[in-house]
file query_4.tsv (TSV, C-alpha atoms)
chain	number	residue	atom	x	y	z
A	1226	MET	CA	34.83	-46.36	-16.24
A	1227	VAL	CA	35.26	-42.60	-16.66
A	1228	SER	CA	34.19	-40.39	-13.77
A	1229	PHE	CA	31.69	-37.84	-15.04
A	1230	LEU	CA	31.78	-34.17	-14.15
A	1231	GLU	CA	28.63	-32.30	-13.13
A	1232	PHE	CA	28.05	-30.77	-16.56
A	1233	GLU	CA	28.42	-34.20	-18.22
A	1234	LYS	CA	25.35	-35.70	-16.49
A	1235	PRO	CA	23.25	-35.97	-19.68
A	1236	VAL	CA	26.04	-38.00	-21.30
A	1237	ALA	CA	26.41	-40.11	-18.17
A	1238	GLU	CA	22.73	-41.02	-18.29
A	1239	LEU	CA	22.96	-42.06	-21.94
A	1240	GLU	CA	26.09	-44.14	-21.37
A	1241	ALA	CA	24.45	-45.84	-18.38
A	1242	ARG	CA	21.53	-46.76	-20.65
A	1243	ILE	CA	23.96	-48.12	-23.27
A	1244	ILE	CA	25.61	-50.33	-20.63
A	1245	GLU	CA	22.21	-51.67	-19.56
A	1246	LEU	CA	21.28	-52.50	-23.16
A	1247	ARG	CA	24.60	-54.27	-23.74
A	1248	GLN	CA	24.04	-56.37	-20.63
A	1249	THR	CA	20.53	-57.22	-21.83
A	1250	ALA	CA	21.82	-58.14	-25.29
A	1251	SER	CA	24.49	-60.43	-23.81
A	1252	VAL	CA	21.95	-62.63	-22.00
A	1253	GLY	CA	19.00	-62.49	-24.41
A	1254	ASP	CA	18.15	-63.46	-27.96
A	1255	ILE	CA	16.79	-60.04	-28.98
A	1256	ASP	CA	18.93	-58.04	-31.43
A	1257	ILE	CA	19.12	-54.49	-30.08
A	1258	SER	CA	22.42	-53.54	-31.72
A	1259	GLY	CA	20.68	-50.89	-33.80
A	1260	GLU	CA	19.33	-49.12	-30.73
A	1261	ILE	CA	22.75	-49.31	-29.05
A	1262	ASP	CA	24.44	-47.80	-32.11
A	1263	THR	CA	21.88	-44.98	-32.17
A	1264	LEU	CA	22.43	-44.19	-28.50
A	1265	GLU	CA	26.23	-44.30	-28.92
A	1266	GLN	CA	26.06	-41.81	-31.78
A	1267	ARG	CA	23.74	-39.60	-29.75
A	1268	ALA	CA	26.07	-39.74	-26.72
A	1269	GLY	CA	29.09	-38.93	-28.88
A	1270	LYS	CA	27.33	-35.96	-30.48
A	1271	MET	CA	26.17	-34.69	-27.09
A	1272	LEU	CA	29.68	-34.97	-25.65
A	1273	SER	CA	31.16	-33.15	-28.64
A	1274	ASP	CA	28.58	-30.35	-28.35
A	1275	ILE	CA	29.21	-29.94	-24.61
A	1276	TYR	CA	33.00	-29.75	-25.01
A	1277	ALA	CA	32.73	-27.32	-27.92
A	1278	LYS	CA	31.31	-24.64	-25.61
A	1279	LEU	CA	32.86	-25.22	-22.19
A	1280	THR	CA	33.03	-22.22	-19.86
A	1281	PRO	CA	36.37	-21.30	-18.24
A	1282	TRP	CA	35.19	-22.85	-14.96
A	1283	GLN	CA	34.18	-26.07	-16.69
A	1284	LYS	CA	37.58	-26.20	-18.38
A	1285	THR	CA	39.15	-25.79	-14.94
A	1286	GLN	CA	37.22	-28.84	-13.77
A	1287	VAL	CA	38.37	-30.82	-16.81
A	1288	ALA	CA	41.99	-29.72	-16.22
A	1289	ARG	CA	41.73	-31.05	-12.65
A	1290	HIS	CA	40.05	-34.34	-13.58
A	1291	PRO	CA	41.77	-37.04	-11.48
A	1292	GLU	CA	41.90	-39.43	-14.44
A	1293	ARG	CA	43.85	-37.09	-16.74
A	1294	PRO	CA	47.30	-38.41	-17.63
A	1295	HIS	CA	50.02	-37.59	-15.09
A	1296	PHE	CA	53.77	-37.15	-15.48
A	1297	LYS	CA	54.47	-40.87	-15.16
A	1298	ASP	CA	51.95	-41.56	-17.94
A	1299	TYR	CA	53.63	-39.07	-20.27
A	1300	VAL	CA	57.03	-40.57	-19.52
A	1301	ALA	CA	55.73	-44.06	-20.25
A	1302	GLY	CA	53.83	-43.10	-23.40
A	1303	MET	CA	55.99	-40.38	-24.94
A	1304	PHE	CA	59.59	-40.96	-23.88
A	1305	ASP	CA	62.01	-43.87	-23.96
A	1306	ASN	CA	65.02	-44.73	-21.76
A	1307	PHE	CA	63.89	-42.50	-18.90
A	1308	MET	CA	66.58	-42.27	-16.20
A	1309	PRO	CA	65.27	-40.39	-13.14
A	1310	LEU	CA	67.66	-38.11	-11.26
A	1311	ALA	CA	66.91	-37.39	-7.62
A	1312	GLY	CA	67.61	-34.67	-5.08
A	1313	ASP	CA	68.66	-31.04	-4.99
A	1314	ARG	CA	72.09	-31.87	-3.45
A	1315	ALA	CA	71.25	-29.58	-0.54
A	1316	PHE	CA	68.23	-30.76	1.44
A	1317	ALA	CA	66.01	-33.53	0.03
A	1318	ASP	CA	64.38	-35.17	-2.96
A	1319	ASP	CA	60.98	-33.55	-3.56
A	1320	GLN	CA	58.62	-36.04	-5.22
A	1321	ALA	CA	56.28	-33.29	-6.47
A	1322	ILE	CA	58.80	-32.58	-9.26
A	1323	ILE	CA	60.38	-35.48	-11.12
A	1324	GLY	CA	62.96	-35.33	-13.87
A	1325	GLY	CA	65.72	-37.12	-15.68
A	1326	PHE	CA	67.34	-38.05	-18.97
A	1327	ALA	CA	65.11	-39.52	-21.67
A	1328	THR	CA	64.74	-39.82	-25.43
A	1329	LEU	CA	61.89	-38.32	-27.44
A	1330	GLY	CA	61.93	-40.09	-30.77
A	1331	GLU	CA	65.60	-39.99	-31.78
A	1332	ARG	CA	66.38	-36.92	-29.66
A	1333	LYS	CA	68.00	-37.07	-26.20
A	1334	VAL	CA	66.36	-34.63	-23.79
A	1335	MET	CA	66.03	-33.69	-20.14
A	1336	VAL	CA	62.39	-34.04	-19.10
A	1337	ILE	CA	61.11	-32.42	-15.89
A	1338	GLY	CA	57.55	-32.17	-14.60
A	1339	HIS	CA	55.04	-32.07	-11.79
A	1340	GLU	CA	53.57	-35.36	-10.58
A	1341	LYS	CA	50.25	-35.16	-8.71
A	1342	GLY	CA	49.72	-38.88	-8.14
A	1343	ASP	CA	46.69	-40.94	-9.11
A	1344	ASP	CA	45.49	-42.51	-5.85
A	1345	THR	CA	45.46	-41.48	-2.20
A	1346	ALA	CA	48.85	-42.92	-1.32
A	1347	SER	CA	50.65	-41.53	-4.37
A	1348	ARG	CA	48.98	-38.12	-4.03
A	1349	VAL	CA	50.26	-37.84	-0.48
A	1350	ARG	CA	53.72	-39.03	-1.55
A	1351	HIS	CA	53.85	-36.46	-4.36
A	1352	ASN	CA	52.20	-33.75	-2.21
A	1353	PHE	CA	49.48	-33.32	-4.86
A	1354	GLY	CA	52.07	-31.85	-7.26
A	1355	MET	CA	52.81	-28.89	-4.99
A	1356	ALA	CA	56.57	-28.56	-4.87
A	1357	LYS	CA	58.70	-27.27	-1.99
A	1358	PRO	CA	61.94	-25.31	-2.47
A	1359	GLU	CA	63.97	-28.49	-2.85
A	1360	GLY	CA	61.77	-29.45	-5.81
A	1361	TYR	CA	62.57	-26.26	-7.68
A	1362	ARG	CA	66.25	-26.54	-6.71
A	1363	LYS	CA	66.25	-30.06	-8.14
A	1364	ALA	CA	64.75	-28.65	-11.36
A	1365	ILE	CA	67.52	-26.02	-11.47
A	1366	ARG	CA	70.16	-28.71	-11.04
A	1367	LEU	CA	68.70	-30.78	-13.87
A	1368	MET	CA	68.36	-27.80	-16.20
A	1369	GLU	CA	71.98	-26.80	-15.59
A	1370	LEU	CA	73.02	-30.41	-16.21
A	1371	ALA	CA	71.11	-30.41	-19.50
A	1372	ASP	CA	72.76	-27.14	-20.50
A	1373	ARG	CA	76.20	-28.58	-19.76
A	1374	PHE	CA	75.58	-31.57	-22.02
A	1375	GLY	CA	73.71	-29.68	-24.74
A	1376	LEU	CA	70.38	-31.45	-24.18
A	1377	PRO	CA	67.03	-29.76	-24.92
A	1378	VAL	CA	64.76	-29.35	-21.89
A	1379	VAL	CA	61.11	-30.45	-21.93
A	1380	THR	CA	58.89	-29.56	-18.97
A	1381	LEU	CA	55.36	-30.80	-18.22
A	1382	VAL	CA	53.43	-28.44	-15.96
A	1383	ASP	CA	50.55	-29.69	-13.82
A	1384	THR	CA	50.26	-28.07	-10.41
A	1385	SER	CA	47.77	-25.99	-8.45
A	1386	GLY	CA	50.78	-24.00	-7.23
A	1387	ALA	CA	53.88	-24.22	-5.09
A	1388	PHE	CA	53.44	-25.68	-1.60
A	1389	PRO	CA	52.29	-22.84	0.72
A	1390	GLY	CA	53.34	-24.38	4.04
A	1391	VAL	CA	55.50	-22.80	6.73
A	1392	GLN	CA	58.33	-25.29	6.10
A	1393	ALA	CA	58.55	-24.22	2.47
A	1394	GLU	CA	58.68	-20.55	3.41
A	1395	GLU	CA	61.40	-21.27	5.99
A	1396	ARG	CA	63.51	-22.91	3.28
A	1397	GLY	CA	63.12	-20.04	0.80
A	1398	GLN	CA	60.18	-20.89	-1.45
A	1399	ALA	CA	60.05	-17.54	-3.25
A	1400	GLU	CA	63.81	-17.50	-3.85
A	1401	ALA	CA	63.76	-21.07	-5.20
A	1402	ILE	CA	60.92	-20.25	-7.62
A	1403	ALA	CA	62.68	-17.08	-8.79
A	1404	ARG	CA	65.95	-18.92	-9.38
A	1405	SER	CA	64.18	-21.72	-11.24
A	1406	THR	CA	62.55	-19.14	-13.51
A	1407	GLU	CA	65.96	-17.52	-13.97
A	1408	ALA	CA	67.50	-20.89	-14.83
A	1409	CYS	CA	64.88	-21.42	-17.55
A	1410	LEU	CA	65.63	-18.03	-19.08
A	1411	ALA	CA	69.41	-18.57	-18.95
A	1412	LEU	CA	69.46	-21.92	-20.77
A	1413	GLY	CA	71.62	-22.11	-23.87
A	1414	VAL	CA	69.63	-25.09	-25.16
A	1415	PRO	CA	66.08	-25.23	-26.56
A	1416	MET	CA	63.32	-25.42	-23.96
A	1417	VAL	CA	59.70	-26.41	-24.57
A	1418	ALA	CA	57.13	-26.32	-21.77
A	1419	ALA	CA	53.64	-27.85	-21.90
A	1420	VAL	CA	50.80	-27.06	-19.50
A	1421	VAL	CA	49.07	-30.44	-19.46
A	1422	GLY	CA	46.53	-29.85	-16.70
A	1423	GLU	CA	46.52	-27.04	-14.19
A	1424	GLY	CA	49.20	-24.36	-14.37
A	1425	GLY	CA	49.03	-22.52	-11.08
A	1426	SER	CA	50.93	-19.35	-10.19
A	1427	GLY	CA	54.72	-19.19	-9.73
A	1428	GLY	CA	54.77	-22.92	-9.12
A	1429	ALA	CA	54.00	-23.33	-12.83
A	1430	VAL	CA	56.02	-20.39	-14.21
A	1431	ALA	CA	59.16	-21.78	-12.53
A	1432	LEU	CA	59.09	-24.63	-15.08
A	1433	ALA	CA	57.47	-22.76	-17.96
A	1434	ALA	CA	59.71	-19.79	-18.85
A	1435	ALA	CA	60.50	-21.56	-22.11
A	1436	ASN	CA	61.13	-20.74	-25.77
A	1437	ARG	CA	57.80	-22.34	-26.61
A	1438	VAL	CA	54.89	-22.76	-24.21
A	1439	LEU	CA	52.23	-25.26	-25.25
A	1440	MET	CA	48.86	-25.91	-23.60
A	1441	PHE	CA	46.39	-28.70	-23.91
A	1442	GLU	CA	43.04	-27.60	-25.26
A	1443	HIS	CA	41.29	-27.97	-21.90
A	1444	ALA	CA	44.20	-27.03	-19.61
A	1445	VAL	CA	44.21	-23.82	-17.54
A	1446	TYR	CA	47.02	-21.44	-16.61
A	1447	SER	CA	46.65	-18.60	-14.12
A	1448	VAL	CA	48.38	-16.46	-11.52
A	1449	ILE	CA	46.03	-17.77	-8.80
A	1450	SER	CA	43.32	-20.40	-8.62
A	1451	PRO	CA	39.76	-19.24	-9.40
A	1452	GLU	CA	38.79	-20.10	-5.82
A	1453	GLY	CA	41.67	-18.04	-4.44
A	1454	CYS	CA	40.81	-15.09	-6.65
A	1455	ALA	CA	37.14	-15.28	-5.65
A	1456	SER	CA	38.07	-15.41	-1.96
A	1457	ILE	CA	40.09	-12.22	-2.34
A	1458	LEU	CA	37.64	-10.25	-4.52
A	1459	TRP	CA	34.27	-11.48	-3.25
A	1460	ARG	CA	35.25	-12.99	0.12
A	1461	THR	CA	33.76	-16.31	-0.96
A	1462	ALA	CA	35.02	-19.22	-3.07
A	1463	ASP	CA	31.47	-19.65	-4.40
A	1464	LYS	CA	32.29	-17.04	-7.05
A	1465	ALA	CA	35.05	-19.22	-8.54
A	1466	SER	CA	33.15	-19.51	-11.82
A	1467	ASP	CA	33.02	-15.73	-12.20
A	1468	ALA	CA	36.70	-15.46	-11.29
A	1469	ALA	CA	37.71	-18.07	-13.89
A	1470	THR	CA	35.87	-16.10	-16.57
A	1471	ALA	CA	37.37	-12.77	-15.50
A	1472	MET	CA	40.93	-14.12	-15.31
A	1473	GLN	CA	40.79	-15.65	-18.82
A	1474	VAL	CA	42.51	-18.86	-17.71
A	1475	THR	CA	41.85	-20.99	-20.79
A	1476	ALA	CA	44.29	-21.93	-23.54
A	1477	GLN	CA	42.16	-20.09	-26.08
A	1478	HIS	CA	42.29	-16.82	-24.11
A	1479	LEU	CA	46.01	-17.13	-23.37
A	1480	LYS	CA	46.90	-17.86	-26.99
A	1481	GLY	CA	45.14	-14.65	-27.97
A	1482	LEU	CA	47.04	-12.71	-25.29
A	1483	GLY	CA	50.39	-14.11	-26.43
A	1484	VAL	CA	51.08	-15.88	-23.13
A	1485	ILE	CA	51.30	-19.28	-24.83
A	1486	ASP	CA	52.43	-20.24	-28.32
A	1487	ARG	CA	50.41	-23.29	-29.28
A	1488	ILE	CA	47.25	-25.17	-28.32
A	1489	VAL	CA	47.44	-28.97	-28.47
A	1490	ALA	CA	44.16	-30.71	-29.33
A	1491	GLU	CA	42.66	-33.20	-26.90
A	1492	PRO	CA	40.39	-36.14	-27.76
A	1493	VAL	CA	36.67	-35.34	-27.58
A	1494	GLY	CA	35.71	-35.33	-23.92
A	1495	GLY	CA	39.19	-34.46	-22.64
A	1496	ALA	CA	42.55	-36.16	-22.32
A	1497	HIS	CA	41.24	-38.49	-19.60
A	1498	ARG	CA	38.91	-40.19	-22.09
A	1499	ASP	CA	41.70	-41.23	-24.45
A	1500	PRO	CA	45.09	-40.77	-22.74
A	1501	VAL	CA	46.98	-42.63	-25.47
A	1502	GLN	CA	45.80	-40.24	-28.18
A	1503	ALA	CA	46.33	-37.19	-25.96
A	1504	ILE	CA	49.91	-38.22	-25.18
A	1505	ALA	CA	50.59	-38.90	-28.87
A	1506	ASN	CA	49.26	-35.44	-29.81
A	1507	LEU	CA	51.47	-33.76	-27.22
A	1508	GLY	CA	54.56	-35.76	-28.18
A	1509	ALA	CA	54.16	-34.79	-31.84
A	1510	ALA	CA	53.72	-31.10	-30.96
A	1511	ILE	CA	56.77	-31.03	-28.68
A	1512	GLY	CA	58.86	-32.78	-31.34
A	1513	GLU	CA	57.85	-30.20	-33.95
A	1514	GLU	CA	58.74	-27.30	-31.66
A	1515	LEU	CA	62.14	-28.80	-30.79
A	1516	ASP	CA	62.83	-29.28	-34.50
A	1517	ALA	CA	62.07	-25.61	-35.13
A	1518	LEU	CA	64.42	-24.51	-32.33
A	1519	SER	CA	67.25	-26.94	-33.05
A	1520	GLY	CA	69.22	-24.66	-35.35
A	1521	LEU	CA	69.43	-21.68	-33.00
A	1522	GLU	CA	72.65	-20.74	-31.21
A	1523	PRO	CA	72.69	-20.45	-27.37
A	1524	GLN	CA	72.54	-16.65	-27.33
A	1525	ALA	CA	69.76	-16.64	-29.91
A	1526	LEU	CA	67.74	-19.00	-27.68
A	1527	ARG	CA	68.22	-16.74	-24.66
A	1528	THR	CA	67.28	-13.66	-26.69
A	1529	ASP	CA	64.22	-15.47	-28.07
A	1530	ARG	CA	63.00	-16.21	-24.53
A	1531	ALA	CA	63.68	-12.69	-23.29
A	1532	ASP	CA	61.89	-11.10	-26.25
A	1533	LYS	CA	58.94	-13.47	-25.84
A	1534	PHE	CA	58.27	-12.71	-22.19
A	1535	LEU	CA	59.03	-8.99	-22.38
A	1536	ALA	CA	56.49	-8.67	-25.21
A	1537	ILE	CA	53.61	-10.10	-23.16
A	1538	GLY	CA	51.09	-7.41	-22.35
A	1539	ILE	CA	52.36	-4.89	-24.89
call {"tool": "encode", "arguments": {"input": "query_4.tsv", "output": "structure tokens"}}
result
Amino acid sequence: MVSFLEFEKPVAELEARIIELRQTASVGDIDISGEIDTLEQRAGKMLSDIYAKLTPWQKTQVARHPERPHFKDYVAGMFDNFMPLAGDRAFADDQAIIGGFATLGERKVMVIGHEKGDDTASRVRHNFGMAKPEGYRKAIRLMELADRFGLPVVTLVDTSGAFPGVQAEERGQAEAIARSTEACLALGVPMVAAVVGEGGSGGAVALAAANRVLMFEHAVYSVISPEGCASILWRTADKASDAATAMQVTAQHLKGLGVIDRIVAEPVGGAHRDPVQAIANLGAAIGEELDALSGLEPQALRTDRADKFLAIGI
């Protein structure tokens, strides 16, 4: 059963009533299918109306929904023949960033992305998707490997940010993020990045300096979390809603600003309500973007990226 967010309470109440009626119908002789159909239509309309006018803060909550698809779900539903590659060949294998060879349709690619985990044990193992320097150095290694073999790079971004701990700083977190961003920009093969949930700060940009940047309809992408921004500006995280609005973190805002290139539609109610359809939508969009980039020469791809990011804000 889907976990409901605070603003979805009216829908939750209707769906609870529908479940009660179905249970009643299963043990009784009374035909109440008409009433159930009416309530289902009403719940669907209410859900559609709510999601048509989400605030930036509500979109942030949807982007963080624990039941949204994670990297492993995209690999299973979108790619074939995934062969994971581990380690940065210098310190360790960071489980917050996972990558390897795969096929998308008929095309061989290198896929890299953040993995947050979907239960307590896996979230701890993947450090909630917050990578340490060795994670970004692993991403660099895989991107350079893809470049050597002429494979397009696909990245799936879903992180609240890079890990802020002392250990990460001791091992050169800022340098690793900068070099990962540099590696993206230097690729001589097509690169498509997709923000599938939360794109937080440099931890996201390090995997998203691509030729084409896609975002799910209810994903968010920002230089700092709304709570972090509110804590700096208002000295309280309670103003996170105001911060989310001011920062323009939504896909719709960022498309208008030229930060991203394409918005990928989600099923009504968010990707967590119909992961199969959401993954199919994203796979089709990534395939189309790779097709459009496939004829470009290496220098043209580098120039395309440079022009794209230098034009932001002009």
call {"tool": "residues_near_point", "arguments": {"input": "query_4.tsv", "point": "(63.2, -18.6, -30.8)", "cutoff": "9 Å", "atoms": "all atoms listed in the file", "output": "short mmCIF file (atom, residue, chain, number, x, y, z; two decimals) with C-alpha atoms, in the frame of the given file"}}
result
data_model
loop_
_atom_site.label_atom_id
_atom_site.label_comp_id
_atom_site.auth_asym_id
_atom_site.auth_seq_id
_atom_site.Cartn_x
_atom_site.Cartn_y
_atom_site.Cartn_z
CA PRO A 1415 66.08 -25.23 -26.56
CA ASN A 1436 61.13 -20.74 -25.77
CA ARG A 1437 57.80 -22.34 -26.61
CA ALA A 1517 62.07 -25.61 -35.13
CA LEU A 1518 64.42 -24.51 -32.33
CA LEU A 1521 69.43 -21.68 -33.00
CA ALA A 1525 69.76 -16.64 -29.91
CA LEU A 1526 67.74 -19.00 -27.68
CA ARG A 1527 68.22 -16.74 -24.66
CA THR A 1528 67.28 -13.66 -26.69
CA ASP A 1529 64.22 -15.47 -28.07
CA ARG A 1530 63.00 -16.21 -24.53
CA ASP A 1532 61.89 -11.10 -26.25
CA LYS A 1533 58.94 -13.47 -25.84
#
call {"tool": "closest_residue", "arguments": {"input": "query_4.tsv", "among": "A:Asp1305, A:Asp1499, A:Asp1486, A:Asp1372", "to": "Lys1333 in chain A", "atoms": "all atoms listed in the file"}}
result
A:Asp1305
call {"tool": "residues_around", "arguments": {"input": "query_4.tsv", "residues": "Glu1265 in chain A", "least_positions_apart": "6", "cutoff": "9 Å", "atoms": "all atoms listed in the file", "output": "list of chain:residue names"}}
result
A:Leu1239, A:Glu1240, A:Ile1243
call {"tool": "atom_distance", "arguments": {"input": "query_4.tsv", "atom1": "CA of Leu1310 in chain A", "atom2": "CA of Gln1392 in chain A"}}
result
23.5 Å
call {"tool": "residues_around", "arguments": {"input": "query_4.tsv", "residues": "Gln1502 in chain A", "least_positions_apart": "3", "cutoff": "10 Å", "atoms": "only C-alpha atoms", "output": "tab-separated table (two decimals) with C-alpha atoms, in the coordinates of the input"}}
result
chain	number	residue	atom	x	y	z
A	1302	GLY	CA	53.83	-43.10	-23.40
A	1490	ALA	CA	44.16	-30.71	-29.33
A	1491	GLU	CA	42.66	-33.20	-26.90
A	1492	PRO	CA	40.39	-36.14	-27.76
A	1496	ALA	CA	42.55	-36.16	-22.32
A	1497	HIS	CA	41.24	-38.49	-19.60
A	1498	ARG	CA	38.91	-40.19	-22.09
A	1499	ASP	CA	41.70	-41.23	-24.45
A	1505	ALA	CA	50.59	-38.90	-28.87
A	1506	ASN	CA	49.26	-35.44	-29.81
A	1507	LEU	CA	51.47	-33.76	-27.22
A	1508	GLY	CA	54.56	-35.76	-28.18
call {"tool": "atom_distance", "arguments": {"input": "query_4.tsv", "atom1": "CA of Phe1316 in chain A", "atom2": "CA of Thr1384 in chain A"}}
result
21.7 Å
call {"tool": "atom_distance", "arguments": {"input": "query_4.tsv", "atom1": "CA of Phe1229 in chain A", "atom2": "CA of Ala1455 in chain A"}}
result
25.0 Å
call {"tool": "residues_around", "arguments": {"input": "query_4.tsv", "residues": "Ile1539 in chain A", "least_positions_apart": "2", "cutoff": "10 Å", "atoms": "all atoms listed in the file", "output": "VMD selection string"}}
result
chain A and resid 1482 to 1483 1535 to 1537
call {"tool": "closest_residue", "arguments": {"input": "query_4.tsv", "among": "A:Lys1357, A:Lys1278, A:Arg1366, A:His1478", "to": "Phe1388 in chain A", "atoms": "all atoms listed in the file"}}
result
A:Lys1357
call {"tool": "residues_around", "arguments": {"input": "query_4.tsv", "residues": "Ala1503 in chain A", "least_positions_apart": "6", "cutoff": "12 Å", "atoms": "only C-alpha atoms", "output": "ChimeraX atom specification"}}
result
/A:1293-1295,1298-1299,1302-1303,1421-1422,1440-1443,1489-1497,1509-1510
call {"tool": "closest_residue", "arguments": {"input": "query_4.tsv", "among": "A:Ala1408, A:Ala1364, A:Val1430, A:Ala1403", "to": "Ala1311 in chain A", "atoms": "all atoms listed in the file"}}
result
A:Ala1364
call {"tool": "residues_near_point", "arguments": {"input": "query_4.tsv", "point": "(47.1, -24.7, -5.1)", "cutoff": "7 Å", "atoms": "only C-alpha atoms", "output": "ChimeraX atom specification"}}
result
/A:1385-1387,1425,1450
call {"tool": "residues_around", "arguments": {"input": "query_4.tsv", "residues": "Gly1269 in chain A", "least_positions_apart": "5", "cutoff": "9 Å", "atoms": "only C-alpha atoms", "output": "list in words"}}
result
Val1236, Leu1264, Asp1274 and Val1493 of chain A
call {"tool": "closest_residue", "arguments": {"input": "query_4.tsv", "among": "A:Ala1401, A:Ala1237, A:Leu1381, A:Met1368", "to": "Val1300 in chain A", "atoms": "all atoms listed in the file"}}
result
A:Leu1381
call {"tool": "closest_residue", "arguments": {"input": "query_4.tsv", "among": "A:Glu1340, A:Gly1427, A:Ala1321, A:Trp1282", "to": "Lys1297 in chain A", "atoms": "all atoms listed in the file"}}
result
A:Glu1340
call {"tool": "closest_residue", "arguments": {"input": "query_4.tsv", "among": "A:Arg1247, A:Arg1460, A:Arg1242, A:Lys1284", "to": "Thr1475 in chain A", "atoms": "all atoms listed in the file"}}
result
A:Lys1284
call {"tool": "axis_aligned_box", "arguments": {"input": "query_4.tsv", "around": "range 1321-1329 of chain A", "padding_each_side": "3 Å", "output": "JSON"}}
result
{"center_x": 61.8, "center_y": -36.2, "center_z": -17.0, "size_x": 17.1, "size_y": 13.2, "size_z": 27.0}
